[in-house]
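Student: File data_38.pdb below, PDB, C-alpha atoms and all ligand atoms:
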MODEL        1
ATOM      1  CA  MET M 918      15.677  30.458  -9.887
ATOM      2  CA  THR M 919      18.073  32.383 -12.140
ATOM      3  CA  SER M 920      16.807  33.573 -15.490
ATOM      4  CA  ARG M 921      18.912  30.954 -17.262
ATOM      5  CA  GLU M 922      17.324  28.169 -15.248
ATOM      6  CA  ALA M 923      13.875  29.601 -15.979
ATOM      7  CA  ASP M 924      14.645  29.360 -19.681
ATOM      8  CA  ASN M 925      15.535  25.713 -19.346
ATOM      9  CA  PRO M 926      13.784  24.057 -16.397
ATOM     10  CA  GLN M 927      15.047  20.598 -17.394
ATOM     11  CA  ALA M 928      18.604  21.736 -16.681
ATOM     12  CA  ILE M 929      17.959  21.928 -12.925
ATOM     13  CA  GLN M 930      19.951  19.039 -11.478
ATOM     14  CA  ASP M 931      18.839  19.128  -7.845
ATOM     15  CA  SER M 932      15.494  17.325  -7.583
ATOM     16  CA  ALA M 933      14.571  19.066  -4.308
ATOM     17  CA  VAL M 934      15.015  22.463  -5.969
ATOM     18  CA  ALA M 935      13.141  21.348  -9.083
ATOM     19  CA  TRP M 936      10.206  20.003  -7.064
ATOM     20  CA  ARG M 937       9.973  23.108  -4.873
ATOM     21  CA  LEU M 938       9.789  25.276  -7.993
ATOM     22  CA  ALA M 939       7.319  22.871  -9.606
ATOM     23  CA  VAL M 940       5.006  23.053  -6.579
ATOM     24  CA  GLU M 941       5.173  26.859  -6.650
ATOM     25  CA  ALA M 942       4.358  26.877 -10.371
ATOM     26  CA  TYR M 943       1.474  24.451  -9.773
ATOM     27  CA  GLN M 944       0.115  26.656  -6.983
ATOM     28  CA  ARG M 945      -0.187  29.588  -9.371
ATOM     29  CA  ASP M 946      -1.559  27.289 -12.104
ATOM     30  CA  ASP M 947       1.488  27.688 -14.346
ATOM     31  CA  ILE M 948       0.973  24.062 -15.199
ATOM     32  CA  LEU M 949       3.221  23.961 -18.275
ATOM     33  CA  LEU M 950       6.222  25.121 -16.230
ATOM     34  CA  ALA M 951       5.326  22.785 -13.356
ATOM     35  CA  TYR M 952       5.336  19.886 -15.813
ATOM     36  CA  ASP M 953       8.705  20.821 -17.328
ATOM     37  CA  LEU M 954      10.264  21.262 -13.890
ATOM     38  CA  ALA M 955       8.940  18.044 -12.368
ATOM     39  CA  ARG M 956       9.184  15.658 -15.323
ATOM     40  CA  PRO M 957      12.924  14.871 -15.035
ATOM     41  CA  HIS M 958      12.476  14.199 -11.293
ATOM     42  CA  VAL M 959       9.288  12.135 -11.205
ATOM     43  CA  GLY M 960      10.883   9.199  -9.398
ATOM     44  CA  ALA M 961      12.799  11.325  -6.891
ATOM     45  CA  HIS M 962      12.350  10.985  -3.117
ATOM     46  CA  GLY M 963      11.589   7.274  -3.341
ATOM     47  CA  GLY M 964       8.574   7.916  -5.573
ATOM     48  CA  GLN M 965       6.802   9.955  -2.907
ATOM     49  CA  MET M 966       5.927  12.646  -5.422
ATOM     50  CA  LEU M 967       4.209  10.236  -7.830
ATOM     51  CA  ASN M 968       0.635  11.035  -6.795
ATOM     52  CA  PHE M 969       1.277  14.732  -7.122
ATOM     53  CA  TRP M 970       2.955  14.087 -10.470
ATOM     54  CA  HIS M 971      -0.209  12.373 -11.753
ATOM     55  CA  SER M 972      -2.169  15.562 -11.054
ATOM     56  CA  ILE M 973       0.412  17.738 -12.795
ATOM     57  CA  GLU M 974       0.523  15.423 -15.811
ATOM     58  CA  ALA M 975      -3.274  15.192 -16.107
ATOM     59  CA  GLU M 976      -3.817  18.962 -15.790
ATOM     60  CA  TRP M 977      -0.945  19.549 -18.218
ATOM     61  CA  ARG M 978      -2.572  17.333 -20.842
ATOM     62  CA  THR M 979      -5.737  19.423 -20.660
ATOM     63  CA  ARG M 980      -3.873  22.743 -20.790
ATOM     64  CA  MET M 981      -1.855  21.581 -23.813
ATOM     65  CA  ALA M 982      -5.056  20.957 -25.786
ATOM     66  CA  LEU M 983      -5.806  24.719 -25.716
ATOM     67  CA  ARG M 984      -9.535  24.104 -25.667
ATOM     68  CA  MET M 985     -11.450  26.434 -23.421
ATOM     69  CA  ALA M 986     -14.549  28.573 -23.141
ATOM     70  CA  SER M 987     -15.816  31.335 -20.873
ATOM     71  CA  VAL M 988     -19.157  30.380 -19.425
ATOM     72  CA  ALA M 989     -19.476  33.573 -17.347
ATOM     73  CA  ALA M 990     -17.369  36.714 -16.909
ATOM     74  CA  ASP M 991     -15.279  34.962 -14.235
ATOM     75  CA  ILE M 992     -15.656  31.244 -15.068
ATOM     76  CA  THR M 993     -13.471  29.410 -17.585
ATOM     77  CA  VAL M 994     -13.779  25.748 -18.550
ATOM     78  CA  GLU M 995     -10.881  23.918 -20.201
ATOM     79  CA  TRP M 996     -10.982  20.398 -21.621
ATOM     80  CA  PRO M 997      -8.602  17.926 -23.264
ATOM     81  CA  ALA M 998      -8.526  16.710 -26.864
ATOM     82  CA  ASP M 999     -11.100  13.978 -27.688
ATOM     83  CA  LEU M1000     -13.542  15.298 -25.104
ATOM     84  CA  GLU M1001     -16.021  17.799 -26.448
ATOM     85  CA  PRO M1002     -18.357  19.148 -23.765
ATOM     86  CA  ASP M1003     -21.957  19.737 -24.764
ATOM     87  CA  PRO M1004     -23.132  23.396 -24.560
ATOM     88  CA  VAL M1005     -25.501  22.141 -21.862
ATOM     89  CA  ASP M1006     -22.521  20.857 -19.820
ATOM     90  CA  LEU M1007     -20.962  24.322 -19.950
ATOM     91  CA  GLU M1008     -24.230  25.956 -18.946
ATOM     92  CA  GLN M1009     -24.414  23.496 -16.050
ATOM     93  CA  VAL M1010     -21.139  24.905 -14.672
ATOM     94  CA  ARG M1011     -22.552  28.437 -14.561
ATOM     95  CA  GLU M1012     -25.804  27.228 -13.026
ATOM     96  CA  ALA M1013     -24.031  25.158 -10.370
ATOM     97  CA  ARG M1014     -22.119  28.150  -9.044
ATOM     98  CA  GLU M1015     -25.242  30.347  -9.113
ATOM     99  CA  ASP M1016     -27.078  27.637  -7.199
ATOM    100  CA  VAL M1017     -24.415  27.295  -4.474
ATOM    101  CA  ALA M1018     -24.086  31.098  -4.180
ATOM    102  CA  GLU M1019     -27.851  31.531  -3.855
ATOM    103  CA  ARG M1020     -28.435  28.691  -1.374
ATOM    104  CA  PHE M1021     -25.522  29.599   0.943
ATOM    105  CA  GLY M1022     -25.817  33.394   0.617
ATOM    106  CA  TRP M1023     -22.450  33.855  -1.079
ATOM    107  CA  GLN M1024     -21.050  36.483  -3.413
ATOM    108  CA  PRO M1025     -18.082  34.867  -5.191
ATOM    109  CA  SER M1026     -15.094  37.194  -5.460
ATOM    110  CA  ALA M1027     -12.330  35.202  -7.198
ATOM    111  CA  PRO M1028     -12.451  33.780 -10.744
ATOM    112  CA  LEU M1029     -13.007  30.056 -11.227
ATOM    113  CA  THR M1030     -11.339  27.667 -13.665
ATOM    114  CA  ILE M1031     -12.839  24.229 -14.260
ATOM    115  CA  CYS M1032     -10.368  21.736 -15.726
ATOM    116  CA  LEU M1033     -11.800  18.543 -17.216
ATOM    117  CA  LEU M1034      -9.420  15.607 -17.417
ATOM    118  CA  ASP M1035      -8.858  13.080 -20.162
ATOM    119  CA  PRO M1036     -11.063  10.089 -19.180
ATOM    120  CA  ARG M1037      -8.076   7.795 -19.756
ATOM    121  CA  LEU M1038      -6.526   9.372 -16.645
ATOM    122  CA  ASP M1039      -9.645   9.172 -14.443
ATOM    123  CA  VAL M1040      -8.605   5.825 -13.064
ATOM    124  CA  ARG M1041      -5.963   7.587 -10.980
ATOM    125  CA  TRP M1042      -8.687   8.819  -8.654
ATOM    126  CA  PHE M1043     -10.500   5.538  -8.253
ATOM    127  CA  PRO M1044     -12.437   4.946  -6.007
ATOM    128  CA  TYR M1045     -12.883   8.639  -5.141
ATOM    129  CA  ARG M1046     -13.622   9.923  -8.585
ATOM    130  CA  GLY M1047     -15.283  13.199  -7.782
ATOM    131  CA  GLY M1048     -12.308  15.438  -8.481
ATOM    132  CA  TYR M1049     -10.577  18.057  -6.364
ATOM    133  CA  TYR M1050     -10.466  21.750  -5.549
ATOM    134  CA  THR M1051      -7.339  23.865  -5.093
ATOM    135  CA  ASN M1052      -6.651  27.536  -4.460
ATOM    136  CA  ARG M1053      -4.260  28.765  -7.174
ATOM    137  CA  GLY M1054      -3.544  32.206  -5.747
ATOM    138  CA  SER M1055      -5.378  34.463  -8.177
ATOM    139  CA  HIS M1056      -8.213  32.009  -8.848
ATOM    140  CA  HIS M1057      -9.978  28.835  -7.779
ATOM    141  CA  LYS M1058      -9.317  25.707  -9.814
ATOM    142  CA  ILE M1059     -11.604  22.694  -9.840
ATOM    143  CA  VAL M1060     -10.348  19.551 -11.552
ATOM    144  CA  LEU M1061     -12.964  16.998 -12.575
ATOM    145  CA  PRO M1062     -12.744  13.655 -14.391
ATOM    146  CA  GLY M1063     -13.965  14.223 -17.953
ATOM    147  CA  GLY M1064     -15.690  10.836 -17.752
ATOM    148  CA  LEU M1065     -18.371  12.418 -15.551
ATOM    149  CA  LEU M1066     -19.782  14.407 -18.496
ATOM    150  CA  GLY M1067     -23.307  13.328 -19.283
ATOM    151  CA  TYR M1068     -23.943  11.758 -15.874
ATOM    152  CA  ASP M1069     -25.798  13.233 -12.896
ATOM    153  CA  ASP M1070     -22.574  12.857 -10.929
ATOM    154  CA  PHE M1071     -21.108  15.707 -12.994
ATOM    155  CA  GLY M1072     -23.573  18.192 -11.463
ATOM    156  CA  ARG M1073     -23.013  16.788  -7.986
ATOM    157  CA  ALA M1074     -19.228  16.951  -8.324
ATOM    158  CA  LEU M1075     -19.514  20.549  -9.555
ATOM    159  CA  SER M1076     -21.661  21.600  -6.590
ATOM    160  CA  HIS M1077     -19.352  19.814  -4.148
ATOM    161  CA  GLU M1078     -16.111  21.371  -5.393
ATOM    162  CA  ILE M1079     -17.659  24.818  -5.919
ATOM    163  CA  ALA M1080     -18.736  24.681  -2.263
ATOM    164  CA  HIS M1081     -15.081  24.054  -1.329
ATOM    165  CA  SER M1082     -14.106  27.214  -3.235
ATOM    166  CA  MET M1083     -16.767  29.069  -1.238
ATOM    167  CA  VAL M1084     -15.406  27.739   2.070
ATOM    168  CA  GLU M1085     -11.928  28.882   1.027
ATOM    169  CA  GLU M1086     -13.169  32.401   0.283
ATOM    170  CA  ARG M1087     -15.312  32.773   3.381
ATOM    171  CA  ALA M1088     -13.399  30.889   6.098
ATOM    172  CA  GLY M1089      -9.938  30.360   4.592
ATOM    173  CA  GLY M1090      -7.678  27.868   6.297
ATOM    174  CA  LEU M1091      -9.480  28.213   9.641
ATOM    175  CA  CYS M1092     -12.308  25.873   8.698
ATOM    176  CA  PRO M1093     -11.741  22.289   9.930
ATOM    177  CA  ILE M1094     -11.927  19.537   7.326
ATOM    178  CA  TRP M1095     -15.080  18.031   8.813
ATOM    179  CA  LEU M1096     -17.021  21.296   8.440
ATOM    180  CA  ASN M1097     -15.583  21.902   4.969
ATOM    181  CA  GLU M1098     -16.794  18.465   3.834
ATOM    182  CA  ALA M1099     -20.099  18.907   5.681
ATOM    183  CA  VAL M1100     -20.847  22.082   3.703
ATOM    184  CA  ALA M1101     -19.704  20.515   0.405
ATOM    185  CA  GLN M1102     -21.972  17.489   0.889
ATOM    186  CA  VAL M1103     -24.970  19.584   1.873
ATOM    187  CA  ALA M1104     -24.254  21.515  -1.340
ATOM    188  CA  ASP M1105     -24.115  18.349  -3.478
ATOM    189  CA  ARG M1106     -27.196  16.858  -1.730
ATOM    190  CA  THR M1107     -25.486  13.658  -0.608
ATOM    191  CA  SER M1108     -27.883  11.045   0.736
ATOM    192  CA  THR M1109     -27.100   9.609   4.175
ATOM    193  CA  ARG M1110     -29.859   7.050   4.796
ATOM    194  CA  GLY M1111     -27.615   3.994   4.880
ATOM    195  CA  ALA M1112     -24.962   5.745   6.923
ATOM    196  CA  ARG M1113     -27.527   6.983   9.457
ATOM    197  CA  ARG M1114     -28.623   3.413  10.191
ATOM    198  CA  ARG M1115     -25.041   2.295  10.697
ATOM    199  CA  PHE M1116     -24.238   5.115  13.097
ATOM    200  CA  GLN M1117     -27.521   4.480  14.934
ATOM    201  CA  SER M1118     -26.719   0.819  15.485
ATOM    202  CA  HIS M1119     -23.096   1.675  16.399
ATOM    203  CA  LEU M1120     -21.885  -0.520  13.549
ATOM    204  CA  TRP M1121     -19.918   2.601  12.669
ATOM    205  CA  SER M1122     -18.506   4.603  15.564
ATOM    206  CA  TRP M1123     -19.326   8.292  15.903
ATOM    207  CA  LEU M1124     -16.078  10.248  16.279
ATOM    208  CA  GLU M1125     -15.147  13.310  18.367
ATOM    209  CA  PRO M1126     -14.335  16.532  16.445
ATOM    210  CA  ARG M1127     -10.545  16.051  16.505
ATOM    211  CA  GLU M1128     -10.802  12.330  15.663
ATOM    212  CA  LEU M1129     -13.098  13.113  12.772
ATOM    213  CA  ASP M1130     -10.675  15.629  11.284
ATOM    214  CA  GLN M1131      -7.860  13.079  11.554
ATOM    215  CA  ALA M1132      -9.947  10.362   9.893
ATOM    216  CA  PHE M1133      -9.959  12.365   6.659
ATOM    217  CA  GLY M1134      -6.185  11.990   6.572
ATOM    218  CA  ALA M1135      -6.279   8.179   6.338
ATOM    219  CA  ASN M1136      -4.722   6.792   3.169
ATOM    220  CA  ARG M1137      -7.602   6.524   0.722
ATOM    221  CA  LEU M1138      -6.168   3.811  -1.458
ATOM    222  CA  ASP M1139      -5.252   1.534   1.437
ATOM    223  CA  ASP M1140      -8.273   1.898   3.671
ATOM    224  CA  PRO M1141      -9.974  -1.462   4.207
ATOM    225  CA  GLY M1142     -11.924  -0.062   7.168
ATOM    226  CA  GLN M1143     -13.239   2.700   4.924
ATOM    227  CA  ARG M1144     -12.330   5.209   7.586
ATOM    228  CA  VAL M1145     -12.357   8.068   5.088
ATOM    229  CA  LEU M1146     -15.780   7.245   3.649
ATOM    230  CA  ARG M1147     -17.282   7.023   7.141
ATOM    231  CA  ALA M1148     -15.724  10.347   8.033
ATOM    232  CA  TYR M1149     -17.454  11.893   5.007
ATOM    233  CA  MET M1150     -20.765  10.393   6.070
ATOM    234  CA  GLN M1151     -20.479  11.621   9.660
ATOM    235  CA  ALA M1152     -19.566  15.115   8.469
ATOM    236  CA  CYS M1153     -22.526  15.077   6.098
ATOM    237  CA  LEU M1154     -24.956  14.055   8.857
ATOM    238  CA  ILE M1155     -23.708  16.944  11.013
ATOM    239  CA  GLY M1156     -24.045  19.370   8.102
ATOM    240  CA  GLN M1157     -27.593  18.188   7.420
ATOM    241  CA  TRP M1158     -28.450  18.528  11.115
ATOM    242  CA  LEU M1159     -27.200  22.128  11.115
ATOM    243  CA  ALA M1160     -29.029  22.893   7.865
ATOM    244  CA  ARG M1161     -32.309  21.931   9.569
ATOM    245  CA  ARG M1162     -31.707  24.322  12.472
ATOM    246  CA  GLY M1163     -32.157  28.050  12.756
ATOM    247  CA  PRO M1164     -34.918  30.441  11.757
ATOM    248  CA  ASN M1165     -33.428  31.289   8.353
ATOM    249  CA  PRO M1166     -33.063  28.775   5.548
ATOM    250  CA  GLY M1167     -30.503  26.381   7.001
ATOM    251  CA  GLU M1168     -28.064  26.526   4.146
ATOM    252  CA  ARG M1169     -27.757  30.302   4.625
ATOM    253  CA  GLN M1170     -26.978  29.662   8.287
ATOM    254  CA  LEU M1171     -24.181  27.328   7.240
ATOM    255  CA  GLY M1172     -22.862  30.074   4.963
ATOM    256  CA  ALA M1173     -23.044  32.582   7.821
ATOM    257  CA  THR M1174     -21.031  30.140   9.954
ATOM    258  CA  LEU M1175     -18.227  30.319   7.390
ATOM    259  CA  ASP M1176     -18.203  34.132   7.621
ATOM    260  CA  ALA M1177     -18.037  33.867  11.417
ATOM    261  CA  PHE M1178     -14.544  32.336  11.163
ATOM    262  CA  THR M1179     -13.003  35.579  10.006
ATOM    263  CA  ASP M1180     -15.035  38.329  11.652
ATOM    264  CA  ASN M1181     -13.130  38.494  14.948
ATOM    265  CA  GLY M1182     -10.601  41.115  15.923
ATOM    266  CA  LEU M1183      -7.181  40.023  17.165
ATOM    267  CA  TRP M1184      -8.126  40.480  20.818
ATOM    268  CA  LYS M1185     -11.272  38.410  20.517
ATOM    269  CA  ASP M1186      -9.334  35.651  18.733
ATOM    270  CA  LEU M1187      -6.740  35.572  21.526
ATOM    271  CA  TRP M1188      -9.435  35.549  24.211
ATOM    272  CA  LEU M1189     -11.211  32.621  22.576
ATOM    273  CA  ARG M1190      -7.981  30.616  22.390
ATOM    274  CA  ILE M1191      -7.280  31.350  26.060
ATOM    275  CA  ARG M1192     -10.699  29.988  26.945
ATOM    276  CA  GLY M1193      -9.988  26.890  24.871
ATOM    277  CA  TYR M1194     -12.425  27.534  22.026
ATOM    278  CA  THR M1195     -11.340  26.476  18.573
ATOM    279  CA  ALA M1196     -12.117  28.639  15.559
ATOM    280  CA  ALA M1197     -14.907  26.228  14.578
ATOM    281  CA  ASP M1198     -16.298  26.189  18.102
ATOM    282  CA  GLU M1199     -16.563  29.956  18.137
ATOM    283  CA  ALA M1200     -18.055  30.224  14.627
ATOM    284  CA  ILE M1201     -20.733  27.607  15.375
ATOM    285  CA  ARG M1202     -21.532  29.244  18.733
ATOM    286  CA  GLN M1203     -21.965  32.587  17.043
ATOM    287  CA  VAL M1204     -24.536  31.331  14.538
ATOM    288  CA  PHE M1205     -26.196  28.348  16.217
ATOM    289  CA  GLY M1206     -25.607  29.057  19.908
ATOM    290  CA  LEU M1207     -23.904  25.747  20.657
ATOM    291  CA  GLY M1208     -20.323  24.529  20.826
ATOM    292  CA  GLU M1209     -18.557  21.950  18.693
ATOM    293  CA  ASP M1210     -18.765  19.130  21.284
ATOM    294  CA  GLU M1211     -22.433  19.791  21.963
ATOM    295  CA  LEU M1212     -23.132  19.844  18.222
ATOM    296  CA  PHE M1213     -21.454  16.463  17.758
ATOM    297  CA  ARG M1214     -23.556  15.012  20.594
ATOM    298  CA  LEU M1215     -26.840  16.412  19.291
ATOM    299  CA  ALA M1216     -26.242  15.493  15.649
ATOM    300  CA  GLN M1217     -25.425  11.860  16.436
ATOM    301  CA  PRO M1218     -28.258   9.709  15.082
ATOM    302  CA  ALA M1219     -30.099   8.219  18.052
ATOM    303  CA  GLY M1220     -32.105   4.990  18.101
ATOM    304  CA  GLY M1221     -35.417   5.138  16.213
ATOM    305  CA  THR M1222     -36.140   7.435  13.303
ATOM    306  CA  SER M1223     -38.401  10.397  12.897
ATOM    307  CA  ALA M1224     -39.365  12.172   9.688
ATOM    308  CA  GLU M1225     -37.074  15.016  10.678
ATOM    309  CA  ASP M1226     -34.112  12.688  10.910
ATOM    310  CA  GLU M1227     -34.401  11.534   7.336
ATOM    311  CA  GLY M1228     -31.426  12.874   5.429
TER     312      GLY M1228
HETATM  313 ZN    ZN U1301     -14.853  17.474  -0.553
ENDMDL
END
Can the structure from this file be put into structure tokens for me?
Tutor:
Amino acid sequence: MTSREADNPQAIQDSAVAWRLAVEAYQRDDILLAYDLARPHVGAHGGQMLNFWHSIEAEWRTRMALRMASVAADITVEWPADLEPDPVDLEQVREAREDVAERFGWQPSAPLTICLLDPRLDVRWFPYRGGYYTNRGSHHKIVLPGGLLGYDDFGRALSHEIAHSMVEERAGGLCPIWLNEAVAQVADRTSTRGARRRFQSHLWSWLEPRELDQAFGANRLDDPGQRVLRAYMQACLIGQWLARRGPNPGERQLGATLDAFTDNGLWKDLWLRIRGYTAADEAIRQVFGLGEDELFRLAQPAGGTSAEDEG
């Protein structure tokens, strides 16, 4: 972008150029610029950018309100007009990260911004209203529906998305989606009783590792088979199974698994690929002594229940 274009983002005529710059601005959390760049081109590309636009617009509305507070040296919370968080809500943010760090043996290194959205915009995320996590280069950003304030789901959503920021720091892009969501749901203490019964009776089919990762990519708003929700439940059952294994507290073992993604030298990484191990396979082997396929077999709920199997 030339300096003249930067001064006047709306003057960019080419929608592809405008959107590329908007995405870059969004990725570094320059949300005001992202909004100005994208706004004249919202309907471009046959409307394919509309979902992304909704995120930009919602985060922009919060940023424009200029309401924020530091709840720890490296945690900022921002909220929109007409939504005043309680001091207890802010304290809950600090506590949630301390809790995840303690349980999974994590020392957070990058700052965290929590962005609460105007409840009038929450409906965009229906029926998956938990929020989302994104890496914004210099910091983590967690975006949560402001309508969660005051409900237990606020704490659960915080723990879930904070766990995603932990996975990003410890395993980066190497972690498969299923393991990422497994860790996040162990962190938010998701209950799996109903899902366990359905997998046991084969009402829901238990997927292979690659199939499971793909199931998360199903279109959430047009998903009559609830493929995505089942994928979450299967991942959670596997995470809970792992958290019950190992001599150390299981959640620490899950944290150690994340570190195991990035502790190989180049030669070892190449050697593992040659032998057909995936990054997840190797990380799980290192900590739990079993491969990805074996894990999926063992964690599958079998007929009959035992106390240990209760999620
Ligand atoms: Zn998640």
Student: Assuming the chain letters and numbering stay as they are in my file, what does the PyMOL selection byres (((not hetatm)) within 7 of (chain U and resi 1301)) actually select? List them as number ranges by chain.
Tutor: M: 1077-1078, 1081, 1098, 1101
Student: For the structure shown, which residues end up in the PyMOL selection byres (((chain M and resi 992) around 9) and not hetatm)? Put them as a list in words, please?
Tutor: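 This file gives the following for the PyMOL selection byres (((chain M and resi 992) around 9) and not hetatm): Ala986, Ser987, Val988, Ala989, Ala990, Asp991, Thr993, Val994, Val1010, Arg1011, Pro1028, Leu1029, Thr1030 and Ile1031 of chain M.
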Student: May I have the residues at most 12 Å from (-10.5, 22.0, -5.4) in the file's coordinates, counting all atoms listed in the file, as a PyMOL selection string?
Tutor: chain M and resi 944+972+1029-1032+1047-1053+1056-1061+1074-1085+1097-1098+1101
Student: May I have a table of the residues of range 1078-1147 of chain M lying at most 9 Å from range 1156-1175 of chain M, giving each one's closest pair of atoms and their distance in Å to one decimal, counting all atoms listed in the file, ordered by chain and ascending residue number, as a tab-separated table?
Tutor:
residue	atom	partner	partner_atom	distance
M:Met1083	CA	M:Gly1172	CA	8.8
M:Val1084	CA	M:Leu1175	CA	6.6
M:Glu1086	CA	M:Leu1175	CA	9.0
M:Arg1087	CA	M:Leu1175	CA	5.5
M:Ala1088	CA	M:Leu1175	CA	5.0
M:Gly1089	CA	M:Leu1175	CA	8.7
M:Cys1092	CA	M:Leu1175	CA	7.5
M:Leu1096	CA	M:Gly1156	CA	7.3
M:Glu1098	CA	M:Gly1156	CA	8.5
M:Ala1099	CA	M:Gly1156	CA	4.7
M:Val1100	CA	M:Gly1156	CA	6.1
M:Ala1101	CA	M:Gly1156	CA	8.9
M:Gln1102	CA	M:Gly1156	CA	7.7
M:Val1103	CA	M:Gln1157	CA	6.3
M:Ala1104	CA	M:Glu1168	CA	8.3
Student: Output C-alpha atoms of each residue in that selection to a file, as a PDB file, keeping the file's coordinate frame.
Tutor:
ATOM      1  CA  MET M1083     -16.767  29.069  -1.238  1.00  0.00           C
ATOM      2  CA  VAL M1084     -15.406  27.739   2.070  1.00  0.00           C
ATOM      3  CA  GLU M1086     -13.169  32.401   0.283  1.00  0.00           C
ATOM      4  CA  ARG M1087     -15.312  32.773   3.381  1.00  0.00           C
ATOM      5  CA  ALA M1088     -13.399  30.889   6.098  1.00  0.00           C
ATOM      6  CA  GLY M1089      -9.938  30.360   4.592  1.00  0.00           C
ATOM      7  CA  CYS M1092     -12.308  25.873   8.698  1.00  0.00           C
ATOM      8  CA  LEU M1096     -17.021  21.296   8.440  1.00  0.00           C
ATOM      9  CA  GLU M1098     -16.794  18.465   3.834  1.00  0.00           C
ATOM     10  CA  ALA M1099     -20.099  18.907   5.681  1.00  0.00           C
ATOM     11  CA  VAL M1100     -20.847  22.082   3.703  1.00  0.00           C
ATOM     12  CA  ALA M1101     -19.704  20.515   0.405  1.00  0.00           C
ATOM     13  CA  GLN M1102     -21.972  17.489   0.889  1.00  0.00           C
ATOM     14  CA  VAL M1103     -24.970  19.584   1.873  1.00  0.00           C
ATOM     15  CA  ALA M1104     -24.254  21.515  -1.340  1.00  0.00           C
TER      16      ALA M1104
END
Student: For Phe1133 in chain M, which of M:Ala982, M:Leu1146, M:Leu1120, M:Ile1201 is the closest residue, counting only C-alpha atoms?
Tutor: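 For Phe1133 in chain M, the nearest of the candidates is M:Leu1146.
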Student: Using all atoms listed in the file for the distances, tell me which of M:Ala1027, M:Leu1000, M:Gly1072, M:Pro1036 is nearest to Glu1012 in chain M.
Tutor: M:Gly1072
Student: Just checking: using all atoms listed in the file, which residue out of M:Ala1148, M:Pro997, M:Arg1202, M:Ala1197 ends up closest to Phe1116 in chain M?
Tutor: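 The shortest atom-to-atom distance to Phe1116 in chain M comes from M:Ala1148.
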Student: Would you place a box with edges along x, y and z of the file around all atoms of range 982-992 of chain M listed there, add 5 Å to each of its six sides, and report the centre and edge lengths in Å to one decimal, as lines of an AutoDock Vina configuration file?
Tutor:
center_x = -12.3
center_y = 28.8
center_z = -20.0
size_x = 24.4
size_y = 25.8
size_z = 21.6
Student: Identify which of the residues M:Leu1212, M:Leu1034, M:Ala951, M:Leu1124 lies closest to Val1145 in chain M, counting only C-alpha atoms when measuring atom-to-atom distances.
Tutor: M:Leu1124
Student: Report the residues retrieved by the PyMOL selection byres (((chain M and resi 1117) around 6) and not hetatm) from the displayed file, expressed as a compact mmCIF listing (two decimals) with C-alpha atoms, in the frame of the given file.
Tutor:
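result11.txt, written as the output of this step:
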# COMPACT_ATOMS: atom_id res chain seq x y z
CA ARG M 1114 -28.62 3.41 10.19
CA ARG M 1115 -25.04 2.30 10.70
CA PHE M 1116 -24.24 5.12 13.10
CA SER M 1118 -26.72 0.82 15.48
CA HIS M 1119 -23.10 1.68 16.40
CA PRO M 1218 -28.26 9.71 15.08
CA ALA M 1219 -30.10 8.22 18.05
CA GLY M 1220 -32.10 4.99 18.10
Student: Restricting the calculation to all atoms listed in the file, which member of M:Asp947, M:Glu941, M:Asp1198, M:Asp999 is positioned closest to Glu976 in chain M?
Tutor: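 Residue with the minimum atom-to-atom distance to Glu976 in chain M: M:Asp947.
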Student: Restricting the calculation to all atoms listed in the file: of M:Glu1209, M:Trp1095, M:Gly1134, M:Ala1196, which residue gets closest to Cys1153 in chain M?
Tutor: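 Looking only at the distances to Cys1153 in chain M, the closest residue turns out to be M:Trp1095.
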Student: As an exercise, work out the distance from CA of Leu967 in chain M to CA of Val940 in chain M in Å and give it to one decimal place.
Tutor: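 Going from CA of Leu967 in chain M over to CA of Val940 in chain M, I get 12.9 Å.
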Student: Kindly give the distance, in Å, that separates CA of Arg1113 in chain M and CA of Glu1125 in chain M, rounded to a single decimal.
Tutor: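 Separation of CA of Arg1113 in chain M and CA of Glu1125 in chain M: 16.5 Å.
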Student: State, in Å with one decimal place, the distance from CA of Gly1067 in chain M to CA of Glu1019 in chain M.
Tutor: 24.3 Å
Student: List as an NGL selection string the residues having at least one atom at most 10 Å from position (-28.2, 11.3, 0.6) as given in the file, counting all atoms listed in the file.
Tutor: :M and (1102-1103 or 1105-1113 or 1150 or 1153-1154 or 1157 or 1227-1228)
